[in-house]
Amino acid sequence: MKEELEKLASLETEIKAGGGEKRIRQQHDSGKLTARERLDLLFDKGTFHELDLFVQHRCADFGMDKLSIPADGVVTGYGQVNGRTVCAYAQDFTSRGGTLGEMHARKICRVMDLAMKIKCPMVSLIDSGGARIQEGVNALDGYGNIFFRNACASGVIPQISAIMGPAAGGAVYSPAMTDFVFMVKKTSHMYITGPQVVKAATSEEISDEELGGAMTHNTKSGVAHFACDNDQQCLEEIKKLLDYLPSSCEGKSLDITPTDKPDRTAPALDGIVPPEASKVYDMKAVIRSIVDDGEFVEPYQHYAMNIITCFTRFNGQVVGIIANQPNHLAGCLDVNSSDKAARFIRFCDAFNIPLLTIVDVPGYLPGSHQEWGGIIRHGAKMLWCYSEATVPKVTLIIRKAYGGAYIAMCAQSLGADHTLAWPRAEIAVMGAEGAAAIIHHQEIKGADDPAAREKEKIEEYRQHFYNPYIAASMGYINAVIPPRDTRPETIAAFEALRGKQETRPTRKHGNIPL
């Protein structure tokens with residue numbers, strides 16, 4: 001037995017060395033950790049159990065029969081992250097560039113299947129040169145099998161991808177099908193076709209970073225949700241996000257013992273909204289004032305910043321927040337913000353996370369580019385997702401709530417269970433200036449002093465609609481509250497809704513306006 005144990009230890013040591021010292025040194029010199037170093041940081045110390053360590057490729061073409069690739073370029077397994085079971089794989093760039101072949105893909109599929117069986121989150125750490133060309137269609141079939149599992153797991157278990165190196169061609173579609181995508185600045189890149197192909201096809205010269213770097217996908221394309229400074233920060237942010245998520249759709253996020261008082265008021269909120277309708281303020285200051293300890297995790301922080309999406313806690317209970325941001329585009333809804341909000345709403349609903357919607361929206365962003373870009377279709381996604389969601393939904397109107405955008409921000413008619421408003425809430429079909437000009441057009445036009453009459457009618461409209469009491473009198477607002485009491489009122493609403501049960505008609509699936 002001694003000889004067998006020594007052989008086992010020797011094989012394990014050899015395989016775990018990956019591509020060897022030279023390759024590992026190159027990985028470190030490029031600012032990246034190795035696959036095993038990344039997994040060591042992700043999982044609680046001593047809890048990671050590796051699967052399929054001894055798997056080897058089966059390709060015999062192009063001299064591959066003489067080539068050994070340790071662990072076939074990917075490390076797979078399971079362990080504990082902050083005390084909860086998580087499955088993961090990490091592609092090993094030191095081993096043949098982490099290229100994906102038949103057995104490499106099979107290892108990934110096996111750990112994804114395990115995550116589905118035991119109902120735990122799946123984390124993918126991607127650092128790969130793409131398909132292993134020598135394996136041809138077997139590599140492509142491997143990608144297809146991964147994509148199929150991504151789709152089957154969607155809405156069943158949380159799926160998180162971290163791009164920690166290159167991801168090109170077909171390799172980009174698996175992370176795009178997962179729930180959250182992390183990228184590392186300067187060392188990670190995602191694109192269908194790289195700079196050389198772009199130059200050959202279009203004569204455009206562009207760098208890896210400009211074409212598919214972390215900030216490109218966090219600010220322009222919306223493909224990525226988080227941008228991190230290095231591998232270590234990326235893994236810490238993944239762990240932080242996992243703390244807000246349930247293990248699967250069959251459970252709920254873990255409640256924690258709160259350190260913030262549920263009855264805490266925030267007097268500063270009484271004066272946070274400027275009296276002038278054209279003045280802006282930072283909605284994040286409102287969020288920090290009402291959530292537990294002012295803490296939240298914000299996907300899409302750099303994308304479509306006219307709307308905020310974040311995970312937080314109220315009295316220890318995880319809640320997802322969607323809020324207009326007056327600091328950007330006056331908080332208007334547009335194509336990108338509608339997509340951003342709709343995807344977040346759907347994720348929260350799939351994983352039993354209650355929703356708080358904070359409203360200060362003057363309408364949809366006007367312009368031909370928005371209309372040609374499909375704002376009607378994209379805006380309809382928010383209507384769809386709020387209507388589809390059966391989790392507890394609380395809506396808070398802070399200031400403006402105009403027209404169709406008022407409805408899109410989870411009005412009672414879209415299924416809000418509890419609707420709150422601040423005393424300065426303005427719930428109207430449109431702004432006072434536009435409304436007065438339409439309603440009283442003839443009267444203003446025929447007046448001796450049109451400007452004075454227009455001013456009078458604008459003020460009349462403001463007095464009538466620029467307060468929450470008309471809507472409250474009709475039952476569209478459940479309570480008008482002092483801003484300082486927002487935290488205790490919100491907590492009370494979510495506590496009352498903990499046992500909410502709601503169903504929708506039985507069907508295969510709806511046809512969301514994608």
# chains A, B, ... in the order shown; residues from 1 in each chain; ligands from 1
>>> residues_around(residues="region 508-513 of chain A", least_positions_apart="6", cutoff="8 Å", atoms="only C-alpha atoms", output="PyMOL selection string")
chain A and resi 377-378+380-381+384
>>> write_last_selection(atoms="C-alpha atoms", output="PDB file, in the first residue's frame")
ATOM      1  CA  ARG A 377     -40.474  47.061 -26.684  1.00  0.00           C
ATOM      2  CA  HIS A 378     -37.778  47.540 -24.044  1.00  0.00           C
ATOM      3  CA  ALA A 380     -42.655  46.858 -22.032  1.00  0.00           C
ATOM      4  CA  LYS A 381     -40.168  44.462 -20.424  1.00  0.00           C
ATOM      5  CA  TRP A 384     -44.047  42.471 -18.046  1.00  0.00           C
TER       6      TRP A 384
END
>>> select_by_dssp(residues="region 193-351 of chain A", states="alpha helix (DSSP H)", output="ChimeraX atom specification")
/A:195-202,208-212,214-216,231-242,283-290,335-350
>>> write_last_selection(atoms="N, CA and C atoms", output="compact mmCIF listing (two decimals), in the first residue's frame")
# COMPACT_ATOMS: atom_id res chain seq x y z
N PRO A 195 -9.51 41.88 -31.85
CA PRO A 195 -9.03 43.06 -32.60
C PRO A 195 -8.46 42.73 -33.97
N GLN A 196 -7.74 41.60 -34.08
CA GLN A 196 -7.13 41.26 -35.38
C GLN A 196 -8.19 40.93 -36.42
N VAL A 197 -9.21 40.18 -36.00
CA VAL A 197 -10.29 39.84 -36.94
C VAL A 197 -11.08 41.10 -37.30
N VAL A 198 -11.32 41.97 -36.31
CA VAL A 198 -12.02 43.22 -36.57
C VAL A 198 -11.27 44.05 -37.59
N LYS A 199 -9.94 44.13 -37.44
CA LYS A 199 -9.13 44.91 -38.38
C LYS A 199 -9.18 44.32 -39.78
N ALA A 200 -9.08 42.99 -39.85
CA ALA A 200 -9.11 42.34 -41.16
C ALA A 200 -10.45 42.50 -41.85
N ALA A 201 -11.53 42.49 -41.06
CA ALA A 201 -12.87 42.54 -41.65
C ALA A 201 -13.35 43.96 -41.92
N THR A 202 -12.95 44.91 -41.07
CA THR A 202 -13.52 46.26 -41.18
C THR A 202 -12.47 47.37 -41.27
N ASP A 208 -7.56 45.33 -27.26
CA ASP A 208 -8.34 44.36 -26.49
C ASP A 208 -9.19 45.06 -25.45
N GLU A 209 -8.60 46.03 -24.74
CA GLU A 209 -9.27 46.71 -23.65
C GLU A 209 -10.46 47.53 -24.16
N GLU A 210 -10.25 48.24 -25.27
CA GLU A 210 -11.33 49.06 -25.83
C GLU A 210 -12.46 48.20 -26.37
N LEU A 211 -12.10 47.09 -27.00
CA LEU A 211 -13.09 46.25 -27.65
C LEU A 211 -13.89 45.42 -26.64
N GLY A 212 -13.20 44.85 -25.66
CA GLY A 212 -13.91 43.94 -24.77
C GLY A 212 -13.38 43.90 -23.35
N ALA A 214 -13.00 45.20 -19.22
CA ALA A 214 -13.95 45.22 -18.12
C ALA A 214 -14.83 46.45 -18.14
N MET A 215 -14.24 47.62 -18.32
CA MET A 215 -15.04 48.85 -18.29
C MET A 215 -15.90 49.01 -19.54
N THR A 216 -15.43 48.47 -20.66
CA THR A 216 -16.26 48.49 -21.88
C THR A 216 -17.57 47.75 -21.63
N ASP A 231 -7.75 40.07 -9.21
CA ASP A 231 -8.38 38.78 -8.94
C ASP A 231 -8.88 38.68 -7.50
N GLN A 232 -8.07 39.15 -6.57
CA GLN A 232 -8.44 39.04 -5.16
C GLN A 232 -9.74 39.79 -4.86
N GLN A 233 -9.83 41.03 -5.36
CA GLN A 233 -11.05 41.80 -5.12
C GLN A 233 -12.25 41.14 -5.79
N CYS A 234 -12.05 40.60 -6.98
CA CYS A 234 -13.13 39.94 -7.71
C CYS A 234 -13.71 38.79 -6.89
N LEU A 235 -12.85 37.97 -6.32
CA LEU A 235 -13.32 36.82 -5.54
C LEU A 235 -14.01 37.26 -4.25
N GLU A 236 -13.52 38.33 -3.64
CA GLU A 236 -14.17 38.85 -2.44
C GLU A 236 -15.56 39.40 -2.76
N GLU A 237 -15.69 40.07 -3.91
CA GLU A 237 -16.99 40.60 -4.30
C GLU A 237 -17.99 39.49 -4.63
N ILE A 238 -17.49 38.39 -5.20
CA ILE A 238 -18.37 37.24 -5.46
C ILE A 238 -18.89 36.67 -4.15
N LYS A 239 -18.03 36.55 -3.17
CA LYS A 239 -18.44 36.03 -1.86
C LYS A 239 -19.46 36.96 -1.21
N LYS A 240 -19.25 38.26 -1.37
CA LYS A 240 -20.18 39.23 -0.80
C LYS A 240 -21.56 39.11 -1.46
N LEU A 241 -21.57 38.97 -2.78
CA LEU A 241 -22.83 38.81 -3.50
C LEU A 241 -23.55 37.53 -3.07
N LEU A 242 -22.81 36.44 -2.94
CA LEU A 242 -23.42 35.15 -2.57
C LEU A 242 -24.15 35.24 -1.24
N MET A 283 -30.02 59.59 -5.26
CA MET A 283 -30.92 58.57 -4.73
C MET A 283 -30.18 57.57 -3.84
N LYS A 284 -28.89 57.38 -4.07
CA LYS A 284 -28.14 56.44 -3.23
C LYS A 284 -28.08 56.92 -1.78
N ALA A 285 -28.14 58.24 -1.58
CA ALA A 285 -28.17 58.77 -0.22
C ALA A 285 -29.47 58.36 0.48
N VAL A 286 -30.57 58.33 -0.28
CA VAL A 286 -31.84 57.87 0.28
C VAL A 286 -31.74 56.39 0.66
N ILE A 287 -31.18 55.60 -0.25
CA ILE A 287 -31.07 54.16 0.00
C ILE A 287 -30.21 53.88 1.24
N ARG A 288 -29.06 54.57 1.33
CA ARG A 288 -28.19 54.36 2.49
C ARG A 288 -28.88 54.72 3.79
N SER A 289 -29.77 55.69 3.74
CA SER A 289 -30.44 56.15 4.96
C SER A 289 -31.47 55.17 5.49
N ILE A 290 -31.99 54.31 4.63
CA ILE A 290 -33.11 53.46 5.06
C ILE A 290 -32.76 51.98 5.21
N VAL A 335 -34.02 52.83 -23.02
CA VAL A 335 -33.84 51.45 -23.47
C VAL A 335 -32.98 50.66 -22.50
N ASN A 336 -31.79 51.19 -22.18
CA ASN A 336 -30.85 50.44 -21.36
C ASN A 336 -31.32 50.27 -19.91
N SER A 337 -31.88 51.34 -19.34
CA SER A 337 -32.34 51.22 -17.95
C SER A 337 -33.52 50.27 -17.84
N SER A 338 -34.37 50.21 -18.87
CA SER A 338 -35.49 49.27 -18.85
C SER A 338 -34.99 47.84 -18.86
N ASP A 339 -34.00 47.56 -19.71
CA ASP A 339 -33.42 46.21 -19.74
C ASP A 339 -32.77 45.85 -18.42
N LYS A 340 -32.02 46.80 -17.88
CA LYS A 340 -31.31 46.59 -16.61
C LYS A 340 -32.30 46.26 -15.49
N ALA A 341 -33.34 47.05 -15.37
CA ALA A 341 -34.33 46.83 -14.31
C ALA A 341 -35.09 45.53 -14.52
N ALA A 342 -35.49 45.26 -15.76
CA ALA A 342 -36.29 44.07 -16.03
C ALA A 342 -35.53 42.80 -15.68
N ARG A 343 -34.28 42.75 -16.03
CA ARG A 343 -33.48 41.55 -15.72
C ARG A 343 -33.33 41.37 -14.22
N PHE A 344 -33.14 42.47 -13.50
CA PHE A 344 -32.98 42.40 -12.05
C PHE A 344 -34.28 41.95 -11.38
N ILE A 345 -35.40 42.50 -11.85
CA ILE A 345 -36.71 42.11 -11.30
C ILE A 345 -36.93 40.62 -11.48
N ARG A 346 -36.61 40.12 -12.67
CA ARG A 346 -36.82 38.70 -12.96
C ARG A 346 -35.95 37.82 -12.08
N PHE A 347 -34.69 38.25 -11.87
CA PHE A 347 -33.82 37.46 -11.01
C PHE A 347 -34.39 37.40 -9.59
N CYS A 348 -34.77 38.55 -9.06
CA CYS A 348 -35.30 38.58 -7.69
C CYS A 348 -36.55 37.72 -7.56
N ASP A 349 -37.42 37.79 -8.55
CA ASP A 349 -38.64 36.99 -8.49
C ASP A 349 -38.33 35.50 -8.56
N ALA A 350 -37.36 35.13 -9.42
CA ALA A 350 -37.00 33.72 -9.56
C ALA A 350 -36.47 33.14 -8.25
>>> select_by_dssp(residues="region 109-335 of chain A", states="strand (DSSP E)", output="PDB file with C-alpha atoms, in the first residue's frame")
ATOM      1  CA  MET A 122     -22.572  27.608  -9.487  1.00  0.00           C
ATOM      2  CA  VAL A 123     -19.491  29.819  -9.874  1.00  0.00           C
ATOM      3  CA  SER A 124     -17.450  29.825 -13.098  1.00  0.00           C
ATOM      4  CA  LEU A 125     -13.929  31.301 -13.148  1.00  0.00           C
ATOM      5  CA  ILE A 126     -13.094  31.792 -16.825  1.00  0.00           C
ATOM      6  CA  GLN A 159     -25.096  31.227 -11.648  1.00  0.00           C
ATOM      7  CA  ILE A 160     -22.122  33.583 -11.353  1.00  0.00           C
ATOM      8  CA  SER A 161     -19.318  33.998 -13.888  1.00  0.00           C
ATOM      9  CA  ALA A 162     -16.000  35.753 -13.394  1.00  0.00           C
ATOM     10  CA  ILE A 163     -13.979  36.633 -16.479  1.00  0.00           C
ATOM     11  CA  PRO A 166      -9.476  36.023 -22.118  1.00  0.00           C
ATOM     12  CA  ALA A 167     -12.886  34.795 -23.285  1.00  0.00           C
ATOM     13  CA  ALA A 168     -13.456  34.876 -27.040  1.00  0.00           C
ATOM     14  CA  PHE A 180     -24.056  37.877 -12.879  1.00  0.00           C
ATOM     15  CA  VAL A 181     -20.783  38.542 -14.687  1.00  0.00           C
ATOM     16  CA  PHE A 182     -17.675  39.872 -12.962  1.00  0.00           C
ATOM     17  CA  MET A 183     -14.672  41.186 -14.879  1.00  0.00           C
ATOM     18  CA  VAL A 184     -11.161  42.180 -13.820  1.00  0.00           C
ATOM     19  CA  HIS A 189     -11.422  40.521 -22.112  1.00  0.00           C
ATOM     20  CA  MET A 190     -14.617  39.300 -23.792  1.00  0.00           C
ATOM     21  CA  TYR A 191     -15.510  39.494 -27.462  1.00  0.00           C
ATOM     22  CA  PHE A 226     -19.155  44.209 -11.815  1.00  0.00           C
ATOM     23  CA  ALA A 227     -15.670  45.592 -12.567  1.00  0.00           C
ATOM     24  CA  CYS A 228     -12.893  44.699 -10.111  1.00  0.00           C
ATOM     25  CA  PHE A 296     -25.899  47.329  -0.318  1.00  0.00           C
ATOM     26  CA  VAL A 297     -24.374  45.449  -3.260  1.00  0.00           C
ATOM     27  CA  ILE A 307     -31.687  53.584 -12.618  1.00  0.00           C
ATOM     28  CA  ILE A 308     -30.219  51.803  -9.590  1.00  0.00           C
ATOM     29  CA  THR A 309     -30.489  48.081  -8.901  1.00  0.00           C
ATOM     30  CA  CYS A 310     -29.072  46.647  -5.686  1.00  0.00           C
ATOM     31  CA  PHE A 311     -29.341  43.966  -3.020  1.00  0.00           C
ATOM     32  CA  THR A 312     -29.648  45.057   0.588  1.00  0.00           C
ATOM     33  CA  ARG A 313     -31.283  44.107   3.875  1.00  0.00           C
ATOM     34  CA  PHE A 314     -34.162  45.506   5.901  1.00  0.00           C
ATOM     35  CA  GLN A 317     -34.188  40.337   5.427  1.00  0.00           C
ATOM     36  CA  VAL A 318     -32.705  40.472   1.912  1.00  0.00           C
ATOM     37  CA  VAL A 319     -34.542  42.832  -0.451  1.00  0.00           C
ATOM     38  CA  GLY A 320     -33.857  43.909  -4.027  1.00  0.00           C
ATOM     39  CA  ILE A 321     -34.182  47.621  -4.773  1.00  0.00           C
ATOM     40  CA  ILE A 322     -34.973  49.291  -8.096  1.00  0.00           C
ATOM     41  CA  ALA A 323     -34.764  53.087  -7.918  1.00  0.00           C
ATOM     42  CA  ASN A 324     -34.663  56.013 -10.340  1.00  0.00           C
TER      43      ASN A 324
END
>>> closest_residue(among="A:His28, A:His440, A:His302, A:Arg484", to="Thr265 (chain A)", atoms="only C-alpha atoms")
A:Arg484
>>> residues_around(residues="Val361 (chain A)", least_positions_apart="2", cutoff="7 Å", atoms="only C-alpha atoms", output="list in words")
Asn324, Gly331, Cys332, Val359, Gly363, Lys400, Ala401, Tyr402, Ala405 and Tyr406 of chain A
>>> write_last_selection(atoms="C-alpha atoms", output="PDB file, in the first residue's frame")
ATOM      1  CA  ASN A 324     -34.663  56.013 -10.340  1.00  0.00           C
ATOM      2  CA  GLY A 331     -34.083  59.543 -13.645  1.00  0.00           C
ATOM      3  CA  CYS A 332     -35.877  59.012 -16.980  1.00  0.00           C
ATOM      4  CA  VAL A 359     -39.861  56.205  -7.667  1.00  0.00           C
ATOM      5  CA  GLY A 363     -41.145  59.877 -17.846  1.00  0.00           C
ATOM      6  CA  LYS A 400     -42.205  62.613  -9.618  1.00  0.00           C
ATOM      7  CA  ALA A 401     -44.306  59.744 -10.933  1.00  0.00           C
ATOM      8  CA  TYR A 402     -45.501  60.775 -14.381  1.00  0.00           C
ATOM      9  CA  ALA A 405     -43.258  55.634 -16.395  1.00  0.00           C
ATOM     10  CA  TYR A 406     -45.280  55.854 -13.155  1.00  0.00           C
TER      11      TYR A 406
END
>>> closest_residue(among="A:Ala428, A:Ile481, A:Cys87, A:Leu33", to="Lys117 (chain A)", atoms="only C-alpha atoms")
A:Cys87
>>> closest_residue(among="A:Glu456, A:Glu298, A:Glu489, A:Glu388", to="Ala421 (chain A)", atoms="only C-alpha atoms")
A:Glu489
>>> atom_distance(atom1="CA of Phe93 (chain A)", atom2="CA of Arg23 (chain A)")
8.4 Å
>>> residues_around(residues="Pro246 (chain A)", least_positions_apart="3", cutoff="10 Å", atoms="only C-alpha atoms", output="number ranges by chain")
A: 84, 119-121, 157-158, 242-243, 249-254, 318, 351-353
>>> atom_distance(atom1="CA of Glu502 (chain A)", atom2="CA of Ala416 (chain A)")
12.2 Å
>>> closest_residue(among="A:Ala60, A:Ile458, A:Cys109, A:Leu497", to="Ala432 (chain A)", atoms="only C-alpha atoms")
A:Ile458
>>> closest_residue(among="A:Cys152, A:Met409, A:Ala171, A:Ala437", to="Ala115 (chain A)", atoms="only C-alpha atoms")
A:Cys152
>>> atom_distance(atom1="CA of Lys66 (chain A)", atom2="CA of Gly130 (chain A)")
21.1 Å
>>> residues_around(residues="Leu140 (chain A)", least_positions_apart="6", cutoff="10 Å", atoms="only C-alpha atoms", output="JSON, numbers by chain")
{"A": [100, 101, 102, 105, 131, 132, 133, 170, 171]}
>>> closest_residue(among="A:His418, A:Lys455, A:Arg38, A:Lys500", to="Asn478 (chain A)", atoms="only C-alpha atoms")
A:His418
>>> residues_around(residues="Gly83 (chain A)", least_positions_apart="2", cutoff="12 Å", atoms="only C-alpha atoms", output="list of chain:residue names")
A:Leu42, A:Phe43, A:Asp44, A:Lys45, A:Gly46, A:Thr47, A:Phe48, A:Gly79, A:Gln80, A:Val81, A:Thr85, A:Val86, A:Lys239, A:Leu242, A:Asp243, A:Ser247, A:Leu254
>>> residues_around(residues="Arg498 (chain A)", least_positions_apart="3", cutoff="8 Å", atoms="only C-alpha atoms", output="CSV table (one decimal) with N, CA and C atoms, in the first residue's frame")
chain,number,residue,atom,x,y,z
A,392,PRO,N,-43.2,39.6,-2.7
A,392,PRO,CA,-43.7,40.8,-2.1
A,392,PRO,C,-43.1,42.1,-2.8
A,494,PHE,N,-42.8,44.9,4.7
A,494,PHE,CA,-42.2,43.6,4.3
A,494,PHE,C,-42.4,42.5,5.3
A,495,GLU,N,-42.4,42.9,6.6
A,495,GLU,CA,-42.8,41.9,7.6
A,495,GLU,C,-44.2,41.4,7.4
>>> decode(residues="region 140-162 of chain A", atoms="N, CA and C atoms", output="PDB file, in the first residue's frame")
ATOM      1  N   LEU A 140     -16.643  22.160 -30.022  1.00  0.00           N
ATOM      2  CA  LEU A 140     -17.878  22.919 -30.228  1.00  0.00           C
ATOM      3  C   LEU A 140     -19.053  22.235 -29.535  1.00  0.00           C
ATOM      4  N   ASP A 141     -19.094  20.915 -29.612  1.00  0.00           N
ATOM      5  CA  ASP A 141     -20.154  20.177 -28.929  1.00  0.00           C
ATOM      6  C   ASP A 141     -20.063  20.383 -27.412  1.00  0.00           C
ATOM      7  N   GLY A 142     -18.838  20.492 -26.921  1.00  0.00           N
ATOM      8  CA  GLY A 142     -18.641  20.754 -25.497  1.00  0.00           C
ATOM      9  C   GLY A 142     -19.254  22.072 -25.080  1.00  0.00           C
ATOM     10  N   TYR A 143     -19.031  23.113 -25.879  1.00  0.00           N
ATOM     11  CA  TYR A 143     -19.657  24.412 -25.579  1.00  0.00           C
ATOM     12  C   TYR A 143     -21.177  24.291 -25.583  1.00  0.00           C
ATOM     13  N   GLY A 144     -21.707  23.591 -26.574  1.00  0.00           N
ATOM     14  CA  GLY A 144     -23.165  23.436 -26.656  1.00  0.00           C
ATOM     15  C   GLY A 144     -23.737  22.773 -25.418  1.00  0.00           C
ATOM     16  N   ASN A 145     -23.052  21.763 -24.909  1.00  0.00           N
ATOM     17  CA  ASN A 145     -23.520  21.079 -23.706  1.00  0.00           C
ATOM     18  C   ASN A 145     -23.514  22.000 -22.491  1.00  0.00           C
ATOM     19  N   ILE A 146     -22.525  22.899 -22.424  1.00  0.00           N
ATOM     20  CA  ILE A 146     -22.459  23.858 -21.316  1.00  0.00           C
ATOM     21  C   ILE A 146     -23.609  24.863 -21.436  1.00  0.00           C
ATOM     22  N   PHE A 147     -23.823  25.387 -22.645  1.00  0.00           N
ATOM     23  CA  PHE A 147     -24.904  26.358 -22.852  1.00  0.00           C
ATOM     24  C   PHE A 147     -26.257  25.761 -22.465  1.00  0.00           C
ATOM     25  N   PHE A 148     -26.460  24.498 -22.854  1.00  0.00           N
ATOM     26  CA  PHE A 148     -27.735  23.837 -22.540  1.00  0.00           C
ATOM     27  C   PHE A 148     -27.944  23.791 -21.030  1.00  0.00           C
ATOM     28  N   ARG A 149     -26.888  23.487 -20.295  1.00  0.00           N
ATOM     29  CA  ARG A 149     -26.997  23.423 -18.832  1.00  0.00           C
ATOM     30  C   ARG A 149     -27.190  24.801 -18.220  1.00  0.00           C
ATOM     31  N   ASN A 150     -26.547  25.830 -18.795  1.00  0.00           N
ATOM     32  CA  ASN A 150     -26.796  27.193 -18.324  1.00  0.00           C
ATOM     33  C   ASN A 150     -28.277  27.533 -18.409  1.00  0.00           C
ATOM     34  N   ALA A 151     -28.889  27.171 -19.534  1.00  0.00           N
ATOM     35  CA  ALA A 151     -30.306  27.481 -19.735  1.00  0.00           C
ATOM     36  C   ALA A 151     -31.183  26.694 -18.769  1.00  0.00           C
ATOM     37  N   CYS A 152     -30.874  25.411 -18.581  1.00  0.00           N
ATOM     38  CA  CYS A 152     -31.681  24.580 -17.679  1.00  0.00           C
ATOM     39  C   CYS A 152     -31.554  25.031 -16.231  1.00  0.00           C
ATOM     40  N   ALA A 153     -30.375  25.537 -15.855  1.00  0.00           N
ATOM     41  CA  ALA A 153     -30.143  25.964 -14.471  1.00  0.00           C
ATOM     42  C   ALA A 153     -30.698  27.354 -14.187  1.00  0.00           C
ATOM     43  N   SER A 154     -30.996  28.113 -15.238  1.00  0.00           N
ATOM     44  CA  SER A 154     -31.450  29.488 -15.050  1.00  0.00           C
ATOM     45  C   SER A 154     -32.745  29.520 -14.251  1.00  0.00           C
ATOM     46  N   GLY A 155     -32.760  30.319 -13.179  1.00  0.00           N
ATOM     47  CA  GLY A 155     -33.929  30.416 -12.330  1.00  0.00           C
ATOM     48  C   GLY A 155     -34.061  29.279 -11.332  1.00  0.00           C
ATOM     49  N   VAL A 156     -33.158  28.307 -11.393  1.00  0.00           N
ATOM     50  CA  VAL A 156     -33.170  27.189 -10.449  1.00  0.00           C
ATOM     51  C   VAL A 156     -32.079  27.381  -9.402  1.00  0.00           C
ATOM     52  N   ILE A 157     -30.856  27.661  -9.864  1.00  0.00           N
ATOM     53  CA  ILE A 157     -29.752  27.968  -8.961  1.00  0.00           C
ATOM     54  C   ILE A 157     -29.080  29.256  -9.438  1.00  0.00           C
ATOM     55  N   PRO A 158     -28.549  30.060  -8.532  1.00  0.00           N
ATOM     56  CA  PRO A 158     -27.799  31.243  -8.969  1.00  0.00           C
ATOM     57  C   PRO A 158     -26.545  30.822  -9.734  1.00  0.00           C
ATOM     58  N   GLN A 159     -26.286  31.495 -10.849  1.00  0.00           N
ATOM     59  CA  GLN A 159     -25.096  31.227 -11.648  1.00  0.00           C
ATOM     60  C   GLN A 159     -24.271  32.510 -11.749  1.00  0.00           C
ATOM     61  N   ILE A 160     -23.016  32.427 -11.349  1.00  0.00           N
ATOM     62  CA  ILE A 160     -22.122  33.583 -11.353  1.00  0.00           C
ATOM     63  C   ILE A 160     -20.896  33.257 -12.185  1.00  0.00           C
ATOM     64  N   SER A 161     -20.525  34.162 -13.075  1.00  0.00           N
ATOM     65  CA  SER A 161     -19.318  33.998 -13.888  1.00  0.00           C
ATOM     66  C   SER A 161     -18.332  35.111 -13.586  1.00  0.00           C
ATOM     67  N   ALA A 162     -17.061  34.754 -13.542  1.00  0.00           N
ATOM     68  CA  ALA A 162     -16.000  35.753 -13.394  1.00  0.00           C
ATOM     69  C   ALA A 162     -15.044  35.598 -14.567  1.00  0.00           C
TER      70      ALA A 162
END
